[in-house]
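Structure file structure10.pdb with PDB, C-alpha atoms:
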```
ATOM      1  CA  MET A   1      65.426-118.534 -57.328
ATOM      2  CA  ALA A   2      69.190-118.997 -57.546
ATOM      3  CA  GLU A   3      70.435-122.011 -59.455
ATOM      4  CA  LEU A   4      70.796-125.169 -57.418
ATOM      5  CA  LYS A   5      74.199-126.740 -56.992
ATOM      6  CA  LEU A   6      73.787-130.493 -57.404
ATOM      7  CA  ILE A   7      76.762-132.846 -57.447
ATOM      8  CA  GLY A   8      76.713-136.364 -58.888
ATOM      9  CA  PHE A   9      79.398-138.977 -58.261
ATOM     10  CA  LEU A  10      78.971-141.554 -61.035
ATOM     11  CA  CYS A  11      80.574-144.897 -61.759
ATOM     12  CA  ASN A  12      82.380-144.806 -65.100
ATOM     13  CA  TRP A  13      81.212-148.227 -66.245
ATOM     14  CA  CYS A  14      77.491-148.069 -65.567
ATOM     15  CA  SER A  15      75.908-144.840 -64.373
ATOM     16  CA  TYR A  16      78.120-142.494 -66.388
ATOM     17  CA  ALA A  17      77.462-144.591 -69.485
ATOM     18  CA  GLY A  18      73.724-144.518 -68.698
ATOM     19  CA  ALA A  19      73.849-140.730 -68.333
ATOM     20  CA  ASP A  20      75.753-140.519 -71.609
ATOM     21  CA  MET A  21      73.115-142.686 -73.296
ATOM     22  CA  ALA A  22      70.349-140.403 -71.985
ATOM     23  CA  GLY A  23      72.211-137.387 -73.331
ATOM     24  CA  MET A  24      72.881-138.911 -76.738
ATOM     25  CA  ALA A  25      69.222-139.929 -77.013
ATOM     26  CA  ARG A  26      68.299-136.331 -76.106
ATOM     27  CA  MET A  27      66.078-137.463 -73.256
ATOM     28  CA  LYS A  28      64.554-134.618 -71.294
ATOM     29  CA  GLN A  29      66.386-134.084 -68.001
ATOM     30  CA  PRO A  30      67.371-131.170 -65.770
ATOM     31  CA  GLY A  31      70.803-129.644 -66.336
ATOM     32  CA  GLU A  32      71.715-128.616 -62.784
ATOM     33  CA  LEU A  33      73.632-131.799 -61.901
ATOM     34  CA  ARG A  34      77.418-131.463 -62.099
ATOM     35  CA  ILE A  35      78.849-134.909 -62.747
ATOM     36  CA  ILE A  36      82.086-136.224 -61.279
ATOM     37  CA  ARG A  37      83.132-139.420 -63.072
ATOM     38  CA  LEU A  38      84.791-142.083 -60.917
ATOM     39  CA  PRO A  39      86.154-145.524 -61.784
ATOM     40  CA  CYS A  40      83.765-147.069 -59.230
ATOM     41  CA  THR A  41      81.373-145.958 -56.493
ATOM     42  CA  GLY A  42      83.538-148.058 -54.185
ATOM     43  CA  ARG A  43      86.030-145.188 -54.491
ATOM     44  CA  VAL A  44      83.576-142.672 -53.014
ATOM     45  CA  ASN A  45      84.875-141.698 -49.623
ATOM     46  CA  PRO A  46      82.014-140.378 -47.472
ATOM     47  CA  LEU A  47      84.239-137.377 -46.719
ATOM     48  CA  LEU A  48      83.920-136.383 -50.404
ATOM     49  CA  ILE A  49      80.177-136.099 -49.944
ATOM     50  CA  LEU A  50      80.516-134.113 -46.738
ATOM     51  CA  LYS A  51      83.041-131.829 -48.474
ATOM     52  CA  ALA A  52      80.567-131.231 -51.307
ATOM     53  CA  PHE A  53      77.928-130.166 -48.791
ATOM     54  CA  GLN A  54      80.457-128.057 -46.906
ATOM     55  CA  GLN A  55      81.316-126.208 -50.113
ATOM     56  CA  GLY A  56      77.709-125.352 -50.875
ATOM     57  CA  ALA A  57      76.108-128.324 -52.612
ATOM     58  CA  ASP A  58      72.325-128.334 -52.245
ATOM     59  CA  GLY A  59      72.152-132.052 -53.047
ATOM     60  CA  VAL A  60      74.499-134.957 -53.741
ATOM     61  CA  LEU A  61      73.677-138.003 -55.847
ATOM     62  CA  VAL A  62      75.834-141.142 -56.008
ATOM     63  CA  SER A  63      75.039-143.672 -58.710
ATOM     64  CA  GLY A  64      76.757-146.917 -59.548
ATOM     65  CA  CYS A  65      76.379-150.387 -61.011
ATOM     66  CA  HIS A  66      73.595-152.685 -59.878
ATOM     67  CA  PRO A  67      74.604-155.235 -57.208
ATOM     68  CA  GLY A  68      76.332-158.150 -58.903
ATOM     69  CA  ASP A  69      77.330-156.112 -61.977
ATOM     70  CA  CYS A  70      80.312-154.165 -60.604
ATOM     71  CA  HIS A  71      83.241-153.944 -63.011
ATOM     72  CA  TYR A  72      85.497-154.285 -59.948
ATOM     73  CA  ASN A  73      83.482-157.179 -58.469
ATOM     74  CA  GLU A  74      82.524-155.725 -55.069
ATOM     75  CA  GLY A  75      82.985-151.958 -55.230
ATOM     76  CA  ASN A  76      79.278-151.184 -55.216
ATOM     77  CA  TYR A  77      78.799-153.351 -52.102
ATOM     78  CA  TYR A  78      81.493-151.352 -50.272
ATOM     79  CA  ALA A  79      79.842-148.129 -51.411
ATOM     80  CA  ARG A  80      76.410-149.273 -50.256
ATOM     81  CA  ARG A  81      77.684-150.038 -46.752
ATOM     82  CA  ARG A  82      79.593-146.761 -46.395
ATOM     83  CA  LEU A  83      76.877-144.578 -47.870
ATOM     84  CA  GLU A  84      74.085-146.156 -45.852
ATOM     85  CA  LEU A  85      76.014-145.313 -42.693
ATOM     86  CA  LEU A  86      76.702-141.799 -43.983
ATOM     87  CA  SER A  87      73.026-141.161 -44.724
ATOM     88  CA  ARG A  88      72.184-142.080 -41.117
ATOM     89  CA  MET A  89      74.853-139.671 -39.834
ATOM     90  CA  LEU A  90      73.949-136.646 -41.993
ATOM     91  CA  PRO A  91      71.559-135.105 -39.412
ATOM     92  CA  ALA A  92      74.443-135.030 -36.904
ATOM     93  CA  PHE A  93      76.255-132.753 -39.375
ATOM     94  CA  GLY A  94      73.192-130.530 -39.815
ATOM     95  CA  ILE A  95      72.410-131.904 -43.292
ATOM     96  CA  GLU A  96      68.927-133.063 -44.215
ATOM     97  CA  PRO A  97      69.242-136.733 -45.281
ATOM     98  CA  GLU A  98      66.836-136.117 -48.190
ATOM     99  CA  ARG A  99      69.555-133.999 -49.844
ATOM    100  CA  PHE A 100      71.611-137.174 -50.403
ATOM    101  CA  HIS A 101      70.588-140.009 -52.699
ATOM    102  CA  PHE A 102      72.314-143.276 -53.650
ATOM    103  CA  THR A 103      71.035-145.332 -56.584
ATOM    104  CA  TRP A 104      71.914-147.963 -59.183
ATOM    105  CA  VAL A 105      71.757-147.225 -62.915
ATOM    106  CA  SER A 106      73.283-149.496 -65.557
ATOM    107  CA  ALA A 107      74.812-148.458 -68.873
ATOM    108  CA  SER A 108      71.689-149.539 -70.751
ATOM    109  CA  GLU A 109      69.283-147.563 -68.542
ATOM    110  CA  GLY A 110      69.388-144.097 -70.091
ATOM    111  CA  ALA A 111      65.662-143.570 -69.488
ATOM    112  CA  ARG A 112      66.044-144.625 -65.855
ATOM    113  CA  TRP A 113      68.931-142.148 -65.471
ATOM    114  CA  ALA A 114      66.776-139.313 -66.812
ATOM    115  CA  ASP A 115      64.008-140.277 -64.365
ATOM    116  CA  VAL A 116      66.413-140.442 -61.397
ATOM    117  CA  VAL A 117      67.915-137.022 -62.162
ATOM    118  CA  THR A 118      64.510-135.439 -62.757
ATOM    119  CA  GLU A 119      63.100-136.834 -59.514
ATOM    120  CA  PHE A 120      66.190-135.894 -57.474
ATOM    121  CA  THR A 121      66.324-132.370 -58.889
ATOM    122  CA  GLY A 122      62.608-131.875 -58.265
ATOM    123  CA  LYS A 123      62.956-133.020 -54.671
ATOM    124  CA  ILE A 124      65.858-130.627 -54.010
ATOM    125  CA  GLU A 125      64.040-127.740 -55.778
ATOM    126  CA  ALA A 126      61.052-128.310 -53.471
ATOM    127  CA  MET A 127      63.359-128.201 -50.440
ATOM    128  CA  GLY A 128      65.097-125.053 -51.653
ATOM    129  CA  LYS A 129      68.716-124.008 -51.257
ATOM    130  CA  ALA A 130      70.631-125.569 -48.372
TER
END
```
This structure in structure tokens:
Amino acid sequence: MAELKLIGFLCNWCSYAGADMAGMARMKQPGELRIIRLPCTGRVNPLLILKAFQQGADGVLVSGCHPGDCHYNEGNYYARRRLELLSRMLPAFGIEPERFHFTWVSASEGARWADVVTEFTGKIEAMGKA
């Protein structure tokens, strides 16, 4: 099977640091996810996600700080509202909603990051290429 194209939009302060911790600890995780580091998930415009799918992404993951822990106070709340609406609209664009996932991972949760990526990659592999 051809390699999956998975895109991850990660918050610099929490999820990216958690992914970095998982990597430095050499935790087992799939390598298909291409990470795009952002200052905050509040900066994720839903059009970025649609563009990723339009350009051939098989799955898109957005991960940020836990509610109440945002470096920019409320960015993750804005992201949650926008991305919840987007996930409901994906079928209208011909995209299976299961190909999109939004989660919270803090900087100290390297093991959780590895689990999230493994689970997400497995789910997309089972679905096949978009």
Which one is closest to Cys65 in chain A: A:Ala17, A:Ile49, A:Ala22, A:Ala92? Count only C-alpha atoms. A:Ala17
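Nearest residue to Gly68 in chain A among A:Phe9, A:Thr118, A:Leu47, A:Ser106 is A:Ser106, counting only C-alpha atoms.
Applied to this file, the PyMOL selection byres ((chain A and resi 114) around 7) selects Ala22, Met27, Lys28, Gln29, Gly110, Ala111, Arg112, Trp113, Asp115, Val116, Val117 and Thr118 of chain A.
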For this structure, which residues satisfy the selection - the PyMOL selection byres ((chain A and resi 66) around 9) - when it is evaluated on the file as given? I want them as a PyMOL selection string. chain A and resi 14+64-65+67-70+76+103-106
So that I have them on file, write out the residues from the current selection with C-alpha atoms, as a short mmCIF file (atom, residue, chain, number, x, y, z; two decimals), keeping the file's coordinate frame.
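Ended up saving to selection-v2.cif:
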```cif
data_model
loop_
_atom_site.label_atom_id
_atom_site.label_comp_id
_atom_site.auth_asym_id
_atom_site.auth_seq_id
_atom_site.Cartn_x
_atom_site.Cartn_y
_atom_site.Cartn_z
CA CYS A 14 77.49 -148.07 -65.57
CA GLY A 64 76.76 -146.92 -59.55
CA CYS A 65 76.38 -150.39 -61.01
CA PRO A 67 74.60 -155.24 -57.21
CA GLY A 68 76.33 -158.15 -58.90
CA ASP A 69 77.33 -156.11 -61.98
CA CYS A 70 80.31 -154.16 -60.60
CA ASN A 76 79.28 -151.18 -55.22
CA THR A 103 71.04 -145.33 -56.58
CA TRP A 104 71.91 -147.96 -59.18
CA VAL A 105 71.76 -147.22 -62.92
CA SER A 106 73.28 -149.50 -65.56
#
```
Check the smallest atom-to-atom distance from each of A:Gly122, A:Gly128, A:Gly18, A:Pro97 to Gly31 in chain A using all atoms listed in the file, then report the winner.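 Closest to Gly31 in chain A of all the choices is A:Gly122.
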Could you work out how far CA of Leu48 in chain A lies from CA of Phe93 in chain A, giving the answer in Å with one decimal? 13.9 Å
Take the PyMOL selection byres ((chain A and resi 125) around 10), run it mentally on this structure, and tell me the resulting residues as a list of chain:residue names.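 Output from the PyMOL selection byres ((chain A and resi 125) around 10), applied to this file: A:Met1, A:Glu3, A:Leu4, A:Asp58, A:Gly59, A:Glu119, A:Phe120, A:Thr121, A:Gly122, A:Lys123, A:Ile124, A:Ala126, A:Met127, A:Gly128, A:Lys129.
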Atom pair CA of Ile95 in chain A / CA of Ile36 in chain A: separation (Å): 20.9 Å
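Minimum distance to Lys51 in chain A across A:Ser15, A:Glu74, A:Met89, A:Ile7 (counting all atoms listed in the file) occurs at A:Ile7.
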What gap, in Å, lies between CA of Arg82 in chain A and CA of His101 in chain A? 12.9 Å
Of the candidates A:Leu83, A:Ala107, A:Met24, A:Ala2, which shows the shortest atom-to-atom distance to Leu50 in chain A, using all atoms listed in the file? A:Leu83
Give as a PyMOL selection string every residue, naming chains and numbers as the document does, that has an atom within 7 Å of (81.1, -144.3, -58.7), counting all atoms listed in the file. chain A and resi 9-12+37-44+62-64
Need the shell around Gly8 in chain A: protein/DNA/RNA residues with any atom at most 7 Å away, counting only C-alpha atoms. Skip same-chain ones fewer than 6 positions apart. Format as a list in words?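 After dropping sequence-adjacent residues, the list is Leu33, Arg34, Ile35, Ile36, Val60, Leu61 and Val62 of chain A.
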Got a sec: who's within 6 Å of Ala57 in chain A, counting only C-alpha atoms, leaving out chain neighbours fewer than 3 positions off, as a ChimeraX atom specification? /A:5-6,52-53
Where's the centre, and what are the edge lengths in Å to one decimal, of a box along x, y and z enclosing all listed atoms of range 109-120 of chain A padded 5 Å per side, as AutoDock Vina command-line options?
```
--center_x 66.2 --center_y -141.5 --center_z -63.8 --size_x 16.3 --size_y 22.1 --size_z 22.6
```
